[in-house]
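Q: Next comes the structure file input39.cif, holding mmCIF, C-alpha atoms.
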data_upload
#
loop_
_atom_site.label_atom_id
_atom_site.label_comp_id
_atom_site.auth_asym_id
_atom_site.auth_seq_id
_atom_site.Cartn_x
_atom_site.Cartn_y
_atom_site.Cartn_z
CA MET L 1 143.07 182.43 85.42
CA SER L 2 145.01 179.27 86.31
CA ARG L 3 147.70 179.37 88.99
CA ILE L 4 150.40 178.46 86.47
CA ARG L 5 149.27 181.17 84.04
CA ALA L 6 149.24 183.71 86.86
CA LEU L 7 152.77 182.70 87.80
CA LEU L 8 154.01 183.05 84.24
CA LEU L 9 152.66 186.59 84.16
CA LEU L 10 154.32 187.29 87.48
CA LEU L 11 157.70 186.09 86.23
CA SER L 12 157.56 188.35 83.18
CA SER L 13 156.60 191.41 85.19
CA PRO L 14 158.48 193.92 87.38
CA LEU L 15 155.90 192.99 90.05
CA LEU L 16 158.17 190.18 91.25
CA LEU L 17 160.72 192.71 92.46
CA THR L 18 158.12 194.92 94.11
CA LEU L 19 156.88 191.92 96.08
CA PHE L 20 160.07 192.31 98.09
CA GLY L 21 159.68 196.02 98.76
CA CYS L 22 161.83 197.09 95.78
CA SER L 23 164.79 195.88 97.85
CA MET L 24 166.19 193.57 95.15
CA SER L 25 167.61 194.25 91.72
CA ILE L 26 168.95 191.98 89.01
CA HIS L 27 172.74 192.14 88.83
CA ALA L 28 173.78 190.28 85.72
CA ASN L 29 177.38 189.83 84.67
CA PRO L 30 177.58 191.87 81.43
CA ASN L 31 180.25 189.52 80.10
CA SER L 32 177.93 186.52 80.36
CA ALA L 33 174.83 187.89 78.61
CA SER L 34 173.41 185.31 76.21
CA ARG L 35 170.31 183.19 75.71
CA PRO L 36 169.40 180.55 78.29
CA SER L 37 170.97 177.16 77.63
CA VAL L 38 171.34 173.65 79.04
CA THR L 39 174.14 171.08 79.00
CA ARG L 40 174.20 167.42 80.11
CA ASP L 41 177.16 165.56 81.58
CA ALA L 42 177.64 162.14 83.13
CA PHE L 43 177.80 162.32 86.94
CA GLY L 44 178.52 158.70 87.81
CA THR L 45 176.86 155.34 88.29
CA THR L 46 174.94 154.13 91.32
CA LYS L 47 175.95 151.01 93.22
CA ASP L 48 173.24 149.06 91.39
CA GLY L 49 174.46 150.21 87.98
CA GLN L 50 172.14 153.11 87.13
CA ALA L 51 173.65 156.02 85.20
CA VAL L 52 173.25 159.45 86.78
CA ASP L 53 173.43 162.65 84.70
CA GLU L 54 173.95 166.27 85.65
CA TYR L 55 172.07 169.00 83.80
CA THR L 56 173.34 172.59 84.01
CA LEU L 57 170.82 175.30 83.22
CA SER L 58 172.23 178.76 82.46
CA SER L 59 170.13 181.91 82.47
CA GLY L 60 172.45 183.80 80.12
CA SER L 61 172.42 186.59 82.73
CA GLY L 62 174.90 185.30 85.29
CA VAL L 63 172.96 182.56 87.12
CA SER L 64 173.36 178.82 86.57
CA VAL L 65 171.96 175.79 88.38
CA SER L 66 173.21 172.21 88.16
CA ILE L 67 170.79 169.37 88.93
CA ILE L 68 171.56 165.65 89.06
CA THR L 69 169.05 162.94 88.25
CA TRP L 70 169.81 161.16 91.55
CA GLY L 71 167.21 162.59 93.92
CA GLY L 72 166.53 165.58 91.66
CA ILE L 73 169.28 167.28 93.64
CA ILE L 74 170.24 170.91 93.10
CA ARG L 75 174.00 170.33 93.35
CA SER L 76 175.27 173.79 92.45
CA LEU L 77 173.68 177.23 92.13
CA ILE L 78 175.95 180.04 90.96
CA THR L 79 174.92 183.69 91.33
CA PRO L 80 176.86 186.97 91.09
CA ASP L 81 177.46 189.42 93.96
CA ARG L 82 177.12 193.21 93.80
CA ASP L 83 180.40 193.39 91.84
CA GLY L 84 179.44 190.60 89.46
CA LYS L 85 181.67 188.01 91.16
CA PRO L 86 180.07 184.55 90.98
CA ALA L 87 179.83 182.07 93.85
CA ASP L 88 178.13 178.73 94.44
CA ILE L 89 175.47 179.39 97.12
CA VAL L 90 174.21 175.87 97.92
CA LEU L 91 175.80 173.13 100.01
CA GLY L 92 176.59 169.86 98.27
CA PHE L 93 179.18 167.36 97.03
CA ASP L 94 181.57 167.02 94.10
CA SER L 95 180.73 163.39 93.31
CA LEU L 96 177.89 160.89 93.43
CA SER L 97 179.09 158.59 96.22
CA PRO L 98 178.40 160.94 99.18
CA TYR L 99 174.93 161.64 97.75
CA GLU L 100 174.24 157.92 97.50
CA ALA L 101 175.40 157.56 101.11
CA ARG L 102 173.23 159.11 103.82
CA HIS L 103 173.41 162.92 103.91
CA PRO L 104 171.24 165.78 105.24
CA TYR L 105 169.06 165.94 102.10
CA PHE L 106 171.36 168.51 100.44
CA GLY L 107 169.32 169.94 97.52
CA SER L 108 167.01 166.91 97.31
CA ILE L 109 163.41 166.48 96.21
CA THR L 110 161.76 165.20 99.38
CA GLY L 111 158.67 163.01 99.26
CA ARG L 112 156.24 161.39 99.22
CA PHE L 113 155.79 163.50 102.32
CA ALA L 114 158.24 166.28 103.16
CA ASN L 115 158.81 166.87 106.87
CA ARG L 116 157.53 164.60 109.66
CA ILE L 117 154.63 162.21 110.21
CA ALA L 118 154.08 161.40 113.88
CA LYS L 119 155.06 157.88 114.94
CA GLY L 120 155.30 156.84 111.28
CA THR L 121 151.61 156.06 110.94
CA PHE L 122 148.32 157.51 109.72
CA VAL L 123 144.72 156.48 109.06
CA LEU L 124 143.17 157.26 105.68
CA ASP L 125 139.65 156.21 104.63
CA GLY L 126 139.48 153.75 107.51
CA SER L 127 142.78 151.98 106.82
CA ARG L 128 145.92 152.37 108.93
CA TYR L 129 149.26 152.67 107.17
CA VAL L 130 152.65 152.13 108.83
CA LEU L 131 155.74 153.93 107.53
CA ALA L 132 159.43 153.78 108.39
CA LYS L 133 160.53 155.56 111.56
CA ASN L 134 163.70 157.19 110.26
CA ASN L 135 163.76 160.24 112.56
CA GLY L 136 163.62 158.99 116.13
CA PRO L 137 160.02 157.90 116.74
CA ASN L 138 158.79 159.63 113.57
CA HIS L 139 158.79 159.37 109.78
CA LEU L 140 160.78 162.01 107.86
CA HIS L 141 160.91 163.10 104.21
CA GLY L 142 159.35 159.96 102.72
CA GLY L 143 161.27 157.33 104.65
CA GLU L 144 164.48 155.34 104.29
CA ASN L 145 164.27 155.40 100.48
CA GLY L 146 162.20 158.41 99.56
CA PHE L 147 162.24 160.47 96.38
CA ASP L 148 165.71 161.74 97.32
CA ARG L 149 167.14 158.25 96.72
CA VAL L 150 165.90 157.34 93.23
CA VAL L 151 167.14 158.11 89.72
CA TRP L 152 164.63 160.34 87.93
CA LYS L 153 164.01 160.36 84.18
CA ALA L 154 164.84 163.66 82.51
CA ARG L 155 163.80 165.76 79.55
CA THR L 156 164.66 169.34 78.61
CA GLU L 157 163.03 172.19 76.75
CA ILE L 158 164.62 175.45 75.61
CA GLY L 159 162.44 178.54 75.11
CA ALA L 160 163.14 182.07 73.95
CA ASP L 161 163.89 183.35 77.45
CA SER L 162 164.01 180.24 79.64
CA VAL L 163 165.21 176.66 79.85
CA THR L 164 163.39 173.81 81.62
CA LEU L 165 164.49 170.47 83.03
CA THR L 166 161.60 168.13 83.87
CA LEU L 167 162.25 165.09 86.06
CA SER L 168 159.77 162.21 86.25
CA HIS L 169 159.38 159.28 88.64
CA VAL L 170 156.74 156.62 89.27
CA SER L 171 156.47 155.51 92.90
CA PRO L 172 154.83 152.05 93.12
CA ASP L 173 151.85 151.16 95.28
CA GLY L 174 153.13 150.40 98.78
CA ASP L 175 156.40 152.33 98.32
CA GLN L 176 157.79 153.04 101.83
CA GLY L 177 154.36 152.00 103.17
CA TYR L 178 152.31 154.59 101.26
CA PRO L 179 149.18 153.57 99.32
CA GLY L 180 148.76 154.04 95.58
CA GLU L 181 150.99 154.22 92.52
CA VAL L 182 152.04 157.86 92.21
CA ALA L 183 153.42 159.48 89.03
CA VAL L 184 155.41 162.64 89.79
CA ASP L 185 156.86 165.41 87.61
CA VAL L 186 159.17 168.13 88.93
CA SER L 187 160.16 170.92 86.53
CA TYR L 188 163.00 173.38 87.07
CA THR L 189 162.72 176.46 84.84
CA LEU L 190 165.53 179.02 84.81
CA SER L 191 164.66 182.29 83.10
CA SER L 192 166.81 185.04 81.65
CA ASN L 193 165.70 187.34 84.51
CA ASN L 194 167.54 185.04 86.97
CA THR L 195 164.39 183.39 88.29
CA LEU L 196 164.27 179.67 89.10
CA ARG L 197 160.74 178.24 89.14
CA ILE L 198 160.07 174.77 90.53
CA ASP L 199 156.74 173.20 89.53
CA TYR L 200 155.56 169.93 91.09
CA SER L 201 152.69 167.73 89.92
CA ALA L 202 151.49 164.25 90.89
CA GLU L 203 148.67 161.81 90.18
CA THR L 204 147.76 158.68 92.11
CA SER L 205 145.88 155.39 91.72
CA LYS L 206 144.74 155.42 95.39
CA ALA L 207 144.17 158.11 97.98
CA THR L 208 147.53 159.01 99.52
CA PRO L 209 149.21 161.94 101.32
CA ILE L 210 151.51 164.07 99.15
CA ASN L 211 153.76 166.92 100.28
CA LEU L 212 156.75 167.71 98.06
CA THR L 213 159.52 170.28 98.40
CA SER L 214 163.13 171.05 97.49
CA HIS L 215 165.65 170.87 100.33
CA SER L 216 168.50 173.18 99.30
CA TYR L 217 170.80 174.61 101.96
CA PHE L 218 171.63 178.22 101.01
CA ASN L 219 174.62 180.29 102.03
CA LEU L 220 174.42 183.56 100.13
CA ALA L 221 178.06 184.39 100.85
CA GLY L 222 179.09 181.12 99.18
CA HIS L 223 178.83 177.50 100.26
CA ASP L 224 182.42 177.59 101.59
CA SER L 225 182.17 180.85 103.55
CA GLY L 226 181.33 179.62 107.07
CA ASP L 227 178.07 180.14 108.94
CA ILE L 228 174.97 182.07 107.87
CA LEU L 229 174.25 183.76 111.21
CA SER L 230 175.01 187.30 109.97
CA GLN L 231 172.81 186.94 106.89
CA GLN L 232 169.54 188.83 107.03
CA ILE L 233 166.07 187.37 106.53
CA GLU L 234 162.49 188.58 106.40
CA MET L 235 159.64 186.06 106.73
CA TYR L 236 156.16 187.05 105.58
CA ALA L 237 154.39 185.11 108.32
CA ASP L 238 152.47 186.13 111.44
CA ARG L 239 152.34 182.62 112.93
CA ILE L 240 154.32 179.40 113.19
CA VAL L 241 153.33 175.76 113.60
CA ALA L 242 154.04 174.94 117.26
CA VAL L 243 155.88 171.63 117.76
CA ASP L 244 156.82 169.32 120.63
CA ASP L 245 160.32 168.12 121.51
CA SER L 246 160.34 165.66 118.58
CA LEU L 247 159.26 168.44 116.16
CA ILE L 248 155.73 167.09 115.74
CA PRO L 249 152.96 169.76 115.62
CA THR L 250 150.85 170.29 118.72
CA GLY L 251 148.01 171.63 116.56
CA GLU L 252 148.51 175.21 117.74
CA LEU L 253 149.48 178.08 115.43
CA PRO L 254 150.82 180.75 117.80
CA SER L 255 151.66 184.34 116.88
CA VAL L 256 155.31 185.20 116.25
CA ALA L 257 154.91 188.56 118.00
CA SER L 258 157.47 189.20 120.75
CA THR L 259 159.21 185.85 120.12
CA PRO L 260 162.50 184.82 118.45
CA PHE L 261 160.36 183.74 115.47
CA ASP L 262 159.34 187.28 114.58
CA PHE L 263 161.06 188.00 111.27
CA ARG L 264 158.30 190.27 109.97
CA LYS L 265 160.98 192.95 109.94
CA PRO L 266 164.34 191.81 108.59
CA ARG L 267 167.09 190.90 111.01
CA ALA L 268 170.14 188.67 111.25
CA ILE L 269 169.43 184.94 111.38
CA GLY L 270 171.70 184.62 114.39
CA GLU L 271 170.31 187.54 116.39
CA GLN L 272 168.08 185.39 118.61
CA ILE L 273 168.95 181.87 117.49
CA ALA L 274 170.42 181.02 120.90
CA MET L 275 166.88 181.32 122.29
CA VAL L 276 165.69 178.48 119.99
CA SER L 277 167.94 175.55 120.82
CA PRO L 278 169.47 174.03 118.73
CA GLY L 279 168.23 176.54 116.11
CA TYR L 280 165.31 177.20 113.80
CA ASP L 281 163.51 174.17 112.36
CA HIS L 282 159.93 175.41 112.19
CA THR L 283 157.12 175.90 109.70
CA PHE L 284 156.12 179.52 109.21
CA VAL L 285 152.44 179.94 108.33
CA LEU L 286 151.92 182.06 105.22
CA PRO L 287 148.78 184.11 104.49
CA SER L 288 145.80 181.90 103.68
CA SER L 289 144.95 183.74 100.46
CA LEU L 290 144.73 181.65 97.31
CA GLY L 291 147.42 181.88 94.66
CA PHE L 292 151.02 182.92 95.03
CA LYS L 293 152.35 184.72 98.07
CA ARG L 294 155.62 186.00 99.41
CA ALA L 295 157.36 183.51 101.69
CA ALA L 296 160.75 184.99 102.52
CA TYR L 297 163.45 187.42 101.48
CA ALA L 298 167.10 186.95 102.52
CA TRP L 299 170.37 188.67 101.75
CA ASP L 300 174.03 188.65 102.66
CA PRO L 301 175.35 192.07 103.77
CA ALA L 302 178.93 191.25 102.75
CA SER L 303 178.31 190.19 99.14
CA GLY L 304 174.90 191.77 98.55
CA ARG L 305 173.51 188.52 97.13
CA ALA L 306 169.75 188.29 97.69
CA LEU L 307 167.11 185.57 97.44
CA GLY L 308 163.35 186.10 97.28
CA VAL L 309 160.87 183.23 97.58
CA VAL L 310 157.28 183.21 96.26
CA THR L 311 155.09 180.10 96.59
CA SER L 312 151.64 178.60 96.23
CA GLU L 313 152.12 176.63 99.48
CA PRO L 314 150.62 177.44 102.91
CA GLY L 315 153.94 177.21 104.76
CA VAL L 316 157.69 177.42 104.57
CA GLN L 317 160.04 175.39 106.77
CA PHE L 318 162.90 177.59 107.95
CA TYR L 319 165.83 175.40 108.98
CA THR L 320 169.27 176.66 109.97
CA GLY L 321 171.49 173.59 109.55
CA ASN L 322 171.40 172.82 113.26
CA PHE L 323 172.66 169.25 112.93
CA LEU L 324 175.59 169.88 110.60
CA ASP L 325 178.72 168.98 112.55
CA GLY L 326 181.66 168.95 110.14
CA SER L 327 181.30 165.29 109.26
CA GLN L 328 180.00 166.14 105.77
CA VAL L 329 182.93 166.94 103.45
CA GLY L 330 181.41 169.08 100.73
CA LYS L 331 182.49 170.64 97.46
CA GLY L 332 186.16 171.57 97.35
CA GLY L 333 186.85 169.62 100.54
CA VAL L 334 184.92 172.05 102.74
CA ARG L 335 183.58 170.62 106.01
CA TYR L 336 180.09 171.93 106.65
CA GLN L 337 179.80 172.98 110.28
CA LYS L 338 176.69 173.87 112.30
CA HIS L 339 174.64 176.68 110.69
CA ALA L 340 176.63 176.49 107.41
CA GLY L 341 173.39 176.91 105.45
CA PHE L 342 169.70 177.71 105.79
CA CYS L 343 166.72 176.06 104.13
CA LEU L 344 163.45 177.61 102.97
CA GLU L 345 161.33 174.55 102.19
CA THR L 346 157.95 175.60 100.81
CA GLN L 347 155.39 172.95 101.75
CA HIS L 348 152.27 171.97 103.66
CA PHE L 349 152.48 171.66 107.42
CA PRO L 350 154.21 168.69 109.11
CA ASP L 351 152.03 165.73 110.09
CA SER L 352 149.06 167.21 108.21
CA ILE L 353 147.65 163.74 107.57
CA ASN L 354 147.15 163.37 111.36
CA GLN L 355 146.01 166.95 111.96
CA PRO L 356 142.41 167.49 110.74
CA SER L 357 142.60 171.26 111.32
CA PHE L 358 145.55 171.66 108.93
CA PRO L 359 145.18 172.14 105.15
CA SER L 360 144.68 168.71 103.58
CA THR L 361 147.56 166.87 101.93
CA VAL L 362 145.43 163.97 100.61
CA LEU L 363 145.60 163.35 96.86
CA ARG L 364 142.81 161.22 95.36
CA PRO L 365 142.49 159.41 92.02
CA GLY L 366 141.35 161.75 89.27
CA ASP L 367 142.86 164.81 90.97
CA THR L 368 146.25 166.39 90.32
CA TYR L 369 148.59 167.64 93.02
CA ARG L 370 150.25 170.92 92.07
CA GLN L 371 152.78 173.08 93.85
CA SER L 372 154.89 175.93 92.48
CA THR L 373 157.69 177.92 94.06
CA VAL L 374 159.75 180.77 92.60
CA LEU L 375 163.30 181.61 93.69
CA LYS L 376 164.42 185.06 92.60
CA PHE L 377 168.15 185.84 92.64
CA GLY L 378 169.55 189.34 92.63
CA VAL L 379 171.40 191.95 94.69
CA HIS L 380 170.07 193.71 97.76
CA ASN L 381 169.56 197.48 97.38
CA TYR L 382 170.71 199.30 100.50
#
Represent the structure of the file as structure tokens.

A:
Amino acid sequence: MSRIRALLLLLSSPLLLTLFGCSMSIHANPNSASRPSVTRDAFGTTKDGQAVDEYTLSSGSGVSVSIITWGGIIRSLITPDRDGKPADIVLGFDSLSPYEARHPYFGSITGRFANRIAKGTFVLDGSRYVLAKNNGPNHLHGGENGFDRVVWKARTEIGADSVTLTLSHVSPDGDQGYPGEVAVDVSYTLSSNNTLRIDYSAETSKATPINLTSHSYFNLAGHDSGDILSQQIEMYADRIVAVDDSLIPTGELPSVASTPFDFRKPRAIGEQIAMVSPGYDHTFVLPSSLGFKRAAYAWDPASGRALGVVTSEPGVQFYTGNFLDGSQVGKGGVRYQKHAGFCLETQHFPDSINQPSFPSTVLRPGDTYRQSTVLKFGVHNY
């Protein structure tokens, strides 16, 4: 059975809830029940004259997600609390201009290579490639003009119980220093059971490293509610990727046992964050089994909103908004302060292209890169 077929069966089954210990239930707003739908609206024009659209997918069961074609950004994600009250649970902006300016990758597709590549260089098939150093001495999230800074082409499809937005982009040979022309599709599918599936695929004309993810900052109490330190999280990982002071892997995969990284039992994000200065920004190593696996489960005690993550990827980057400092004025004029959101970026390990012991991120001509991640929204059962 293919991975995609297996995932489709998972999404249509109660198994998805049991993956999180029966701790989550769907809490739809009864006044909003209808079939899934999609709308398109203009969202502005880039400085070089390209039109940007916003697509809003609605589950018909209380959840909606708005995605703009600039950077494939998840700009808004509305879910109900235990009383059915909706709130936008991702950080972002009200207009295009702050997205076109530099920002902390709010909701973006990151690539060609999510996370860091040491010293902005790698050797592949005997040739050395030099990339931009846009994160101190290292390369981050595809460089100065990665996939987060292009306008993607869009198409939509409406099914009986889901709606899909597919974004497409062709990255030319030599883009940001990477070899090969790469054609990428990213599909967002919102289902009537309040599940958002993100499917990534890519093909290349030359061997090249590929590592794609979505970089949403979640605050389950609402994007404008303050910090996320009291929100609870469980990570289904026994190890992390150890990193040096510049967040480049050392090659070691130490156990989380008896460390501040041990979230194998749920606890507040802020419980031991002071022991990991300036906060969490680490890849958690998921079980090595093939197919889909649990990555994380988080919930907000105050509202009851819950988020479960299932992925095909070997790791998930848990980041707690350590470098937010109030300089970003978000939706509704809210200033996002330190720890205003957390990220769960499903991906391969950082610097994998320079780490032979890590799972390979090399895509070759004739092969297809595939990655799928499922976000399940509901209410935590106490």

Q: For the file shown, what are the residues hit by the PyMOL selection byres ((chain L and resi 273-286) around 10), laid out as a PyMOL selection string?

A: chain L and resi 115+229+235-243+247-249+253-256+259-262+268-272+287-289+293-296+311-323+338-339+342-350

Q: Kindly give the distance, in Å, that separates atom CA of L:Glu54 and atom CA of L:Ala42, rounded to a single decimal.

A: 6.1 Å

Q: Restricting the calculation to all atoms listed in the file: of L:Gly126, L:Gly84, L:Gly341, L:Pro359, which residue gets closest to L:Gly222?

A: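 Comparing L:Gly126, L:Gly84, L:Gly341, L:Pro359 against L:Gly222, the winner is L:Gly341.
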
Q: Using all atoms listed in the file, which of the listed residues (L:Asn381, L:Ser168, L:Thr121, L:Thr79) sits closest to L:His223?

A: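 Among the listed residues, the smallest separation from L:His223 belongs to L:Thr79.
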
Q: Tell me which residues the PyMOL selection byres ((chain L and resi 208) around 10) grabs here, as a list in words.

A: Arg112, Phe113, Leu124, Asp125, Asp173, Tyr178, Pro179, Gly180, Glu181, Val182, Glu203, Thr204, Ser205, Lys206, Ala207, Pro209, Ile210, Ile353, Thr361, Val362, Leu363, Arg364 and Pro365 of chain L

Q: For a quick check of understanding, using all atoms listed in the file, which of L:Ser303, L:Ser230, L:Ser64, L:Thr69 has the smallest distance to L:Tyr382?

A: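 Closest candidate: L:Ser303.
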
Q: Around stretch 249-266 of chain L, fit a box with edges along x, y and z, padding it by 8 Å on each side, then list its centre and edge lengths in Å to one decimal as JSON.

A:
{"center_x": 156.2, "center_y": 181.4, "center_z": 114.7, "size_x": 32.3, "size_y": 39.2, "size_z": 28.2}

Q: Take the PyMOL selection byres ((chain L and resi 142-152) around 7), apply it to the structure above, and return the hits as number ranges by chain.

A: L: 52, 69-72, 108-114, 132, 134, 139-141, 153-154, 167-169, 176

Q: Can you work out the spacing between atom CA of L:Ser97 and atom CA of L:Arg40 in Å, to one decimal?

A: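 Those two atoms sit 19.0 Å apart.
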
Q: Nearest to L:Glu252 among L:Phe358, L:Trp299, L:Tyr188, L:Phe292, with distances taken over all atoms listed in the file: which residue is it?

A: L:Phe358

Q: Need to verify the contact set: L:Pro104, 10 Å, only C-alpha atoms, exclusion of same-chain residues closer than 3 positions in sequence. Can you return it as a list in words?

A: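 Contacts, with the query itself left out: Gly92, Tyr99, Gly107, Ser108, His215, Ser216, Tyr217, Gly321, Phe323, Leu324 and Gln328 of chain L.
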
Q: Distance atom CA of L:Ser192-atom CA of L:Ser95, one decimal place?

A: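 One can read the atom CA of L:Ser192 to atom CA of L:Ser95 distance as 28.3 Å.
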
Q: I need the residue nearest L:Lys331 from this list: L:Thr373, L:Ser76, L:Ser214, L:Asn219. Use all atoms listed in the file for the distance.

A: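 Once distances to L:Lys331 are computed over all atoms listed in the file, the minimum belongs to L:Ser76.
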
Q: Measuring atom to atom with all atoms listed in the file, identify which of L:Asp81, L:Asp300, L:Asp48, L:Asp199 is nearest to L:Val374.

A: L:Asp199

Q: Return stretch 76-94 of chain L, completed with N, CA, C and O atoms, as a short mmCIF file (atom, residue, chain, number, x, y, z; two decimals), keeping the file's coordinate frame.

A:
data_model
loop_
_atom_site.label_atom_id
_atom_site.label_comp_id
_atom_site.auth_asym_id
_atom_site.auth_seq_id
_atom_site.Cartn_x
_atom_site.Cartn_y
_atom_site.Cartn_z
N SER L 76 174.52 172.54 92.51
CA SER L 76 175.27 173.79 92.45
C SER L 76 174.32 174.89 92.00
O SER L 76 173.41 174.65 91.19
N LEU L 77 174.49 176.09 92.54
CA LEU L 77 173.68 177.23 92.13
C LEU L 77 174.58 178.47 92.20
O LEU L 77 174.96 178.91 93.29
N ILE L 78 174.96 178.96 91.03
CA ILE L 78 175.95 180.04 90.96
C ILE L 78 175.25 181.35 90.65
O ILE L 78 174.48 181.46 89.69
N THR L 79 175.50 182.35 91.51
CA THR L 79 174.92 183.69 91.33
C THR L 79 176.00 184.74 91.55
O THR L 79 176.95 184.53 92.31
N PRO L 80 175.86 185.91 90.91
CA PRO L 80 176.86 186.97 91.09
C PRO L 80 176.57 187.84 92.32
O PRO L 80 175.43 187.98 92.74
N ASP L 81 177.64 188.46 92.87
CA ASP L 81 177.46 189.42 93.96
C ASP L 81 177.29 190.82 93.39
O ASP L 81 177.13 190.99 92.17
N ARG L 82 177.36 191.83 94.26
CA ARG L 82 177.12 193.21 93.80
C ARG L 82 178.17 193.68 92.81
O ARG L 82 177.94 194.63 92.04
N ASP L 83 179.34 193.03 92.78
CA ASP L 83 180.40 193.39 91.84
C ASP L 83 180.46 192.46 90.64
O ASP L 83 181.38 192.54 89.83
N GLY L 84 179.48 191.55 90.57
CA GLY L 84 179.44 190.60 89.46
C GLY L 84 180.27 189.36 89.68
O GLY L 84 180.37 188.51 88.79
N LYS L 85 180.84 189.19 90.87
CA LYS L 85 181.67 188.01 91.16
C LYS L 85 180.77 186.81 91.47
O LYS L 85 179.95 186.88 92.38
N PRO L 86 180.94 185.70 90.76
CA PRO L 86 180.07 184.55 90.98
C PRO L 86 180.52 183.70 92.17
O PRO L 86 181.70 183.65 92.51
N ALA L 87 179.54 183.04 92.79
CA ALA L 87 179.83 182.07 93.85
C ALA L 87 178.72 181.03 93.87
O ALA L 87 177.57 181.31 93.51
N ASP L 88 179.08 179.84 94.29
CA ASP L 88 178.13 178.73 94.44
C ASP L 88 177.48 178.88 95.81
O ASP L 88 178.16 178.81 96.84
N ILE L 89 176.15 179.03 95.86
CA ILE L 89 175.47 179.39 97.12
C ILE L 89 174.67 178.25 97.73
O ILE L 89 173.86 178.49 98.63
N VAL L 90 174.89 177.00 97.29
CA VAL L 90 174.21 175.87 97.92
C VAL L 90 175.23 174.83 98.37
O VAL L 90 176.26 174.61 97.72
N LEU L 91 174.95 174.18 99.49
CA LEU L 91 175.80 173.13 100.01
C LEU L 91 175.61 171.86 99.19
O LEU L 91 174.50 171.58 98.71
N GLY L 92 176.69 171.09 99.04
CA GLY L 92 176.59 169.86 98.27
C GLY L 92 177.93 169.18 98.12
O GLY L 92 178.91 169.55 98.78
N PHE L 93 178.00 168.19 97.21
CA PHE L 93 179.18 167.36 97.03
C PHE L 93 179.69 167.43 95.60
O PHE L 93 178.96 167.80 94.67
N ASP L 94 180.95 167.02 95.43
CA ASP L 94 181.57 167.02 94.10
C ASP L 94 181.31 165.75 93.31
O ASP L 94 181.54 165.72 92.11
#
